[in-house]
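Structure data (compact mmCIF, C-alpha atoms) from my_file-v6.txt:
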# COMPACT_ATOMS: atom_id res chain seq x y z
CA MET A 1 148.29 69.30 95.88
CA PHE A 2 150.06 71.02 98.75
CA ASP A 3 151.18 73.79 96.38
CA SER A 4 148.74 76.45 97.49
CA TRP A 5 147.88 77.82 100.90
CA TYR A 6 145.61 80.30 102.60
CA GLU A 7 146.63 83.71 103.83
CA PHE A 8 147.08 83.60 107.56
CA LYS A 9 147.36 86.22 110.25
CA TYR A 10 149.02 86.30 113.65
CA VAL A 11 146.34 86.76 116.30
CA HIS A 12 148.20 86.91 119.61
CA ALA A 13 150.56 85.15 121.98
CA ILE A 14 149.40 83.87 125.37
CA LYS A 15 151.86 83.28 128.21
CA SER A 16 151.04 80.27 130.38
CA TRP A 17 150.69 80.81 134.12
CA ASP A 18 152.80 77.69 134.83
CA GLY A 19 155.31 78.16 132.00
CA ILE A 20 154.18 74.97 130.19
CA PRO A 21 154.30 75.85 127.37
CA LEU A 22 156.24 79.09 127.62
CA LYS A 23 153.88 80.77 125.16
CA THR A 24 151.11 79.85 122.76
CA HIS A 25 151.19 81.73 119.48
CA ARG A 26 147.81 81.82 117.80
CA TYR A 27 147.39 82.16 114.05
CA SER A 28 144.18 82.19 112.08
CA PHE A 29 143.11 81.56 108.48
CA LYS A 30 139.86 81.34 106.58
CA THR A 31 139.12 78.74 103.92
CA THR A 32 137.21 79.21 100.66
CA LYS A 33 134.24 77.51 102.34
CA ASN A 34 134.22 80.37 104.85
CA LEU A 35 135.46 78.22 107.72
CA ARG A 36 137.80 79.91 110.18
CA PHE A 37 140.64 77.75 111.51
CA LEU A 38 142.94 78.48 114.41
CA VAL A 39 146.55 77.32 114.52
CA ASP A 40 148.05 77.18 118.00
CA VAL A 41 151.84 76.99 118.02
CA GLU A 42 153.08 76.13 121.49
CA GLU A 43 156.59 77.31 122.31
CA TYR A 44 158.68 75.17 124.69
CA ASN A 45 162.25 75.32 125.93
CA PHE A 46 165.11 75.00 123.41
CA LYS A 47 162.95 76.74 120.77
CA VAL A 48 160.70 73.74 120.28
CA PHE A 49 157.37 74.61 118.63
CA ILE A 50 154.42 72.23 118.63
CA VAL A 51 151.85 72.94 115.93
CA LYS A 52 148.14 72.24 116.38
CA PHE A 53 145.14 73.34 114.35
CA TYR A 54 141.39 73.09 114.66
CA LEU A 55 138.14 74.68 113.54
CA ARG A 56 137.40 77.86 115.48
CA SER A 57 133.87 76.69 116.26
CA HIS A 58 135.43 73.70 118.07
CA LEU A 59 137.54 76.00 120.26
CA TYR A 60 135.82 75.05 123.52
CA SER A 61 135.54 71.35 122.76
CA SER A 62 137.90 68.93 124.48
CA LYS A 63 137.85 66.89 121.25
CA ARG A 64 138.77 69.80 119.00
CA PHE A 65 141.90 68.03 117.73
CA ASN A 66 140.04 64.76 117.10
CA LEU A 67 137.04 66.02 115.17
CA LEU A 68 136.88 66.01 111.38
CA THR A 69 135.46 68.93 109.40
CA ASN A 70 134.77 66.88 106.23
CA ASP A 71 135.39 69.90 104.01
CA PHE A 72 137.73 68.03 101.61
CA ASP A 73 140.34 70.76 101.79
CA THR A 74 143.07 69.02 103.76
CA SER A 75 145.99 69.70 101.43
CA ARG A 76 145.59 73.48 101.47
CA LYS A 77 145.03 73.59 105.22
CA LEU A 78 148.11 71.46 105.91
CA ARG A 79 150.22 73.58 103.58
CA THR A 80 149.02 76.69 105.46
CA CYS A 81 150.26 75.12 108.70
CA LEU A 82 153.60 74.40 107.01
CA GLN A 83 153.80 78.03 105.84
CA ILE A 84 153.22 79.13 109.44
CA MET A 85 156.10 76.84 110.47
CA LEU A 86 158.27 78.44 107.79
CA SER A 87 157.38 81.94 109.01
CA ILE A 88 158.46 80.91 112.52
CA TYR A 89 161.67 79.41 111.14
CA LYS A 90 162.47 82.70 109.41
CA LYS A 91 162.15 84.54 112.72
CA GLU A 92 163.78 81.78 114.81
CA PRO A 93 166.51 80.03 112.80
CA PHE A 94 167.13 77.59 115.68
CA ALA A 95 163.49 76.49 115.88
CA SER A 96 162.59 72.81 116.11
CA PHE A 97 159.08 71.58 115.39
CA GLY A 98 156.78 68.78 116.40
CA PHE A 99 153.26 67.50 116.00
CA ILE A 100 151.05 64.67 117.12
CA GLY A 101 148.56 62.95 114.83
CA THR A 102 145.64 62.74 117.22
CA PRO A 103 143.22 59.83 116.87
CA ILE A 104 140.04 60.56 114.92
CA ILE A 105 136.74 60.46 116.79
CA ASP A 106 133.61 60.43 114.64
CA GLU A 107 130.49 59.39 116.48
CA GLU A 108 128.26 59.42 113.39
CA ARG A 109 130.47 57.05 111.44
CA LYS A 110 131.43 55.19 114.64
CA ILE A 111 135.15 55.83 114.24
CA ASN A 112 137.22 55.73 117.40
CA GLU A 113 140.84 55.39 116.37
CA ALA A 114 143.63 53.99 118.53
CA GLU A 115 146.52 56.18 119.67
CA ASN A 116 149.27 54.46 117.69
CA ASN A 117 150.07 55.19 114.03
CA THR A 118 146.95 57.26 113.43
CA LYS A 119 145.69 58.28 110.01
CA LYS A 120 146.60 61.90 110.64
CA TYR A 121 150.12 60.90 111.73
CA ARG A 122 150.64 58.83 108.57
CA ILE A 123 149.61 61.73 106.33
CA TYR A 124 151.52 64.42 108.23
CA SER A 125 154.72 62.38 108.46
CA VAL A 126 154.82 61.60 104.72
CA LEU A 127 154.19 65.26 103.98
CA VAL A 128 156.94 66.45 106.32
CA LYS A 129 159.38 63.88 104.93
CA SER A 130 158.58 65.05 101.41
CA LEU A 131 158.85 68.78 102.03
CA PHE A 132 161.57 69.09 104.71
CA SER A 133 165.03 67.83 103.83
CA ASP A 134 167.50 66.41 106.31
CA VAL A 135 169.90 69.31 105.70
CA HIS A 136 168.54 71.50 108.46
CA PHE A 137 166.52 69.02 110.53
CA ILE A 138 166.81 65.62 112.17
CA HIS A 139 163.57 63.75 111.51
CA ALA A 140 162.51 61.65 114.50
CA TYR A 141 159.26 59.89 115.34
CA ASN A 142 157.43 57.77 117.87
CA GLN A 143 154.90 55.63 116.03
CA GLU A 144 153.33 54.31 119.25
CA LYS A 145 152.32 57.83 120.24
CA SER A 146 151.88 59.11 116.66
CA ALA A 147 154.41 61.85 117.35
CA TYR A 148 156.86 63.41 114.91
CA THR A 149 159.62 65.93 115.54
CA LEU A 150 161.91 67.99 113.35
CA ILE A 151 164.96 68.82 115.43
CA ASN A 152 167.04 71.74 114.24
CA LYS A 153 170.61 70.76 113.35
CA ASP A 154 171.81 74.38 113.48
CA ASN A 155 170.77 74.89 117.11
CA PRO A 156 173.99 75.20 119.20
CA GLU A 157 172.32 73.67 122.29
CA PRO A 158 174.44 70.64 123.28
CA GLU A 159 172.65 67.26 123.16
CA LEU A 160 169.49 68.88 121.86
CA PHE A 161 168.01 65.59 120.65
CA THR A 162 168.29 63.99 124.11
CA LYS A 163 166.88 67.10 125.76
CA VAL A 164 163.92 67.25 123.37
CA GLN A 165 163.29 63.55 123.93
CA THR A 166 163.31 64.01 127.71
CA MET A 167 161.01 67.00 127.38
CA PHE A 168 158.70 64.95 125.19
CA ALA A 169 158.55 62.26 127.88
CA HIS A 170 157.99 64.88 130.55
CA TYR A 171 155.09 66.69 128.93
CA TYR A 172 153.32 64.06 126.90
CA PRO A 173 149.87 63.79 128.51
CA SER A 174 148.60 60.26 128.53
CA LEU A 175 151.71 58.51 129.82
CA GLY A 176 152.77 57.07 133.14
CA MET B 1 124.34 106.36 149.41
CA ALA B 2 121.37 104.07 149.74
CA VAL B 3 120.49 102.14 146.63
CA ARG B 4 116.91 101.18 146.15
CA LYS B 5 116.51 97.46 145.63
CA LYS B 6 114.65 96.42 142.51
CA HIS B 7 112.14 93.60 142.65
CA ASN B 8 112.47 91.59 139.50
CA LYS B 9 109.76 89.08 140.28
CA SER B 10 106.58 89.49 138.32
CA ILE B 11 103.24 89.26 140.06
CA SER B 12 102.41 85.99 138.29
CA SER B 13 105.63 84.36 139.52
CA ILE B 14 104.89 85.41 143.11
CA THR B 15 101.34 84.15 143.06
CA GLU B 16 102.23 80.95 141.20
CA GLY B 17 101.23 77.89 143.19
CA TYR B 18 98.67 79.73 145.29
CA THR B 19 95.07 78.73 145.03
CA ALA B 20 92.36 81.31 145.06
CA GLY B 21 91.36 82.35 148.57
CA SER B 22 94.38 80.78 150.27
CA THR B 23 97.52 82.48 151.53
CA LYS B 24 99.71 79.37 151.68
CA PRO B 25 101.67 77.90 148.71
CA SER B 26 100.63 74.54 147.34
CA SER B 27 102.49 71.40 148.45
CA GLU B 28 104.18 71.17 145.01
CA GLN B 29 105.57 74.68 145.41
CA GLN B 30 106.90 73.83 148.89
CA VAL B 31 108.67 70.70 147.63
CA LYS B 32 110.32 72.64 144.82
CA GLY B 33 111.50 75.29 147.22
CA SER B 34 112.98 72.87 149.75
CA ALA B 35 114.69 70.82 147.05
CA HIS B 36 116.32 73.92 145.67
CA LYS B 37 117.74 74.83 149.06
CA LYS B 38 119.15 71.36 149.74
CA ALA B 39 120.81 70.77 146.35
CA PRO B 40 122.05 73.93 144.69
CA ALA B 41 122.64 73.90 140.95
CA PRO B 42 126.13 72.65 140.00
CA PHE B 43 128.70 75.28 139.17
CA LYS B 44 129.02 75.86 135.46
CA PRO B 45 132.38 77.42 134.53
CA PHE B 46 132.59 80.17 131.93
CA PRO B 47 134.05 79.22 128.52
CA SER B 48 137.39 80.82 129.35
CA GLN B 49 137.60 78.70 132.50
CA VAL B 50 136.63 75.59 130.55
CA THR B 51 139.67 75.92 128.34
CA ALA B 52 141.88 76.36 131.39
CA LEU B 53 140.40 73.22 132.94
CA GLU B 54 140.62 71.24 129.75
CA ARG B 55 144.29 72.03 129.30
CA ASN B 56 145.28 69.17 131.56
CA THR B 57 142.99 66.61 130.02
CA ASP B 58 143.63 67.52 126.41
CA THR B 59 144.86 64.82 124.07
CA GLY B 60 146.20 67.22 121.50
CA GLY B 61 149.79 67.62 122.57
CA PHE B 62 152.44 68.31 125.16
CA LEU B 63 150.20 69.66 127.86
CA SER B 64 150.11 68.22 131.33
CA PRO B 65 153.43 67.87 133.13
CA LYS B 66 154.52 64.44 134.27
CA PRO B 67 156.39 64.10 137.57
CA SER B 68 159.31 62.10 136.20
CA GLY B 69 161.07 62.87 132.96
CA ASN B 70 162.55 59.42 132.46
CA VAL B 71 162.64 58.30 128.86
CA THR B 72 161.30 54.79 128.66
CA ASP B 73 161.51 52.63 125.52
CA GLU B 74 157.89 53.46 124.82
CA LEU B 75 158.68 57.16 124.63
CA LYS B 76 161.90 57.06 122.66
CA LEU B 77 162.07 58.96 119.42
CA THR B 78 163.49 57.05 116.48
CA ILE B 79 165.67 59.00 114.08
CA VAL B 80 164.71 58.61 110.45
CA SER B 81 167.72 57.48 108.43
CA LYS B 82 168.66 59.11 105.13
CA GLU B 83 167.60 55.99 103.18
CA GLU B 84 164.29 55.74 104.99
CA LEU B 85 163.65 59.42 104.38
CA GLU B 86 164.38 59.05 100.67
CA ASN B 87 162.25 55.92 100.32
CA SER B 88 159.20 57.21 102.18
CA ARG B 89 158.98 60.67 100.68
CA ILE B 90 156.79 61.57 97.72
CA LYS B 91 159.38 62.44 95.10
CA ALA B 92 157.02 64.59 93.04
CA TYR B 93 157.28 67.27 95.70
CA SER B 94 160.34 69.43 96.01
CA PHE B 95 161.71 70.42 99.40
CA ILE B 96 160.57 73.75 100.78
CA LEU B 97 163.39 73.76 103.31
Can the structure in the file be given as structure tokens, please?
Amino acid sequence: MFDSWYEFKYVHAIKSWDGIPLKTHRYSFKTTKNLRFLVDVEEYNFKVFIVKFYLRSHLYSSKRFNLLTNDFDTSRKLRTCLQIMLSIYKKEPFASFGFIGTPIIDEERKINEAENNTKKYRIYSVLVKSLFSDVHFIHAYNQEKSAYTLINKDNPEPELFTKVQTMFAHYYPSLG
Amino acid sequence: MAVRKKHNKSISSITEGYTAGSTKPSSEQQVKGSAHKKAPAPFKPFPSQVTALERNTDTGGFLSPKPSGNVTDELKLTIVSKEELENSRIKAYSFIL
């Protein structure tokens, strides 16, 4: 488990009109079940990258991060996302990363998860703790919002943790 | 240069609602026509515009800006201690970084 991954390709980068995020880097990969997934890596100030992935056919859905594909291929897909993170880290040695475990919405099975400590967050956080050491990154989380960040220790930016935390508060959508 | 206007309406669509021997449209046709003028169809954005609109309502991440950047207790990030990291990780996996 989590040892193999799919080949991925860089699709393009989109600059935001309002600068939030600065850019969105889009990657793509195809699974053995012929499903195409898109990985959107949003770049923010201080080299913070937020990783998101979803099925390409859900691209125009507002619930694209909440829907399940039920293809029983989670480990390989997650490892592909981690490999994308590693490829970014190779290019940007001061990169910090983050993700949010969005609540699952499944109308057929009548699942409507709460925002805190979601299933996705629990899986992603254990995986990140198991595969990323604390040598290069500070691991920090917010269980209430199911958010997890890996803050780069090598980044020379003073008080980076505080700045990332403030940025998190500033941009997180459903607050205030 | 004058461009000749094409008439796309078919004969059947023009004559629809007319009864034989009359030159006026039926009452049903008149109602439909007036209703259409009063309440035009709602604007449907193109897919590319939908994504732009959805950006602010998305629940997937750091998207819509918030006026104040104050860090409340609810928003604070908790640093994972070395012990916690060791205890909660799956030890069968080796670090990739």
Tell me, as a ChimeraX atom specification, which residues lie within 7 Å of range 145-150 of chain A, counting all atoms listed in the file; anything in the same chain fewer than 4 positions away does not count. /A:96-101,115-118,121,125,137-141
Separation of CA of Arg122 in chain A from CA of Arg36 in chain A in Å: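 For CA of Arg36 in chain A relative to CA of Arg122 in chain A, the distance reads 24.7 Å.
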Shortest contact to Tyr44 in chain A, candidates A:Phe29, A:Glu113, A:Asp18, A:Gln143, atoms counted all atoms listed in the file, goes to A:Asp18
Residues at most 10 Å from Leu97 in chain B, counting all atoms listed in the file, excluding those fewer than 5 positions away in the same chain, as a PDB file with C-alpha atoms, in the coordinates of the input?
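Contents of around-v8.pdb, as written:
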ATOM      1  CA  LEU A  86     158.270  78.440 107.790  1.00  0.00           C
ATOM      2  CA  TYR A  89     161.670  79.410 111.140  1.00  0.00           C
ATOM      3  CA  LEU A 131     158.850  68.780 102.030  1.00  0.00           C
ATOM      4  CA  PHE A 132     161.570  69.090 104.710  1.00  0.00           C
ATOM      5  CA  SER A 133     165.030  67.830 103.830  1.00  0.00           C
ATOM      6  CA  ASP A 134     167.500  66.410 106.310  1.00  0.00           C
ATOM      7  CA  VAL A 135     169.900  69.310 105.700  1.00  0.00           C
ATOM      8  CA  HIS A 136     168.540  71.500 108.460  1.00  0.00           C
ATOM      9  CA  PHE A 137     166.520  69.020 110.530  1.00  0.00           C
TER      10      PHE A 137
END
Nearest to chain B among A:Lys91, A:Lys52, A:Lys77, A:His58, with distances taken over all atoms listed in the file: which residue is it? A:Lys52
Length of the CA of Ile123 in chain A to CA of Val39 in chain A vector [Å]: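 Spanning CA of Ile123 in chain A to CA of Val39 in chain A is a straight-line distance of 17.9 Å.
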Separation of CA of Tyr6 in chain A and CA of Thr80 in chain A, in Å?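 These atoms are spaced 5.7 Å apart.
Neighbourhood of point (152.2, 86.2, 124.4): residues with an atom at most 8 Å away, counting all atoms listed in the file, are His12, Ala13, Ile14, Lys15, Lys23, Thr24 and His25 of chain A.
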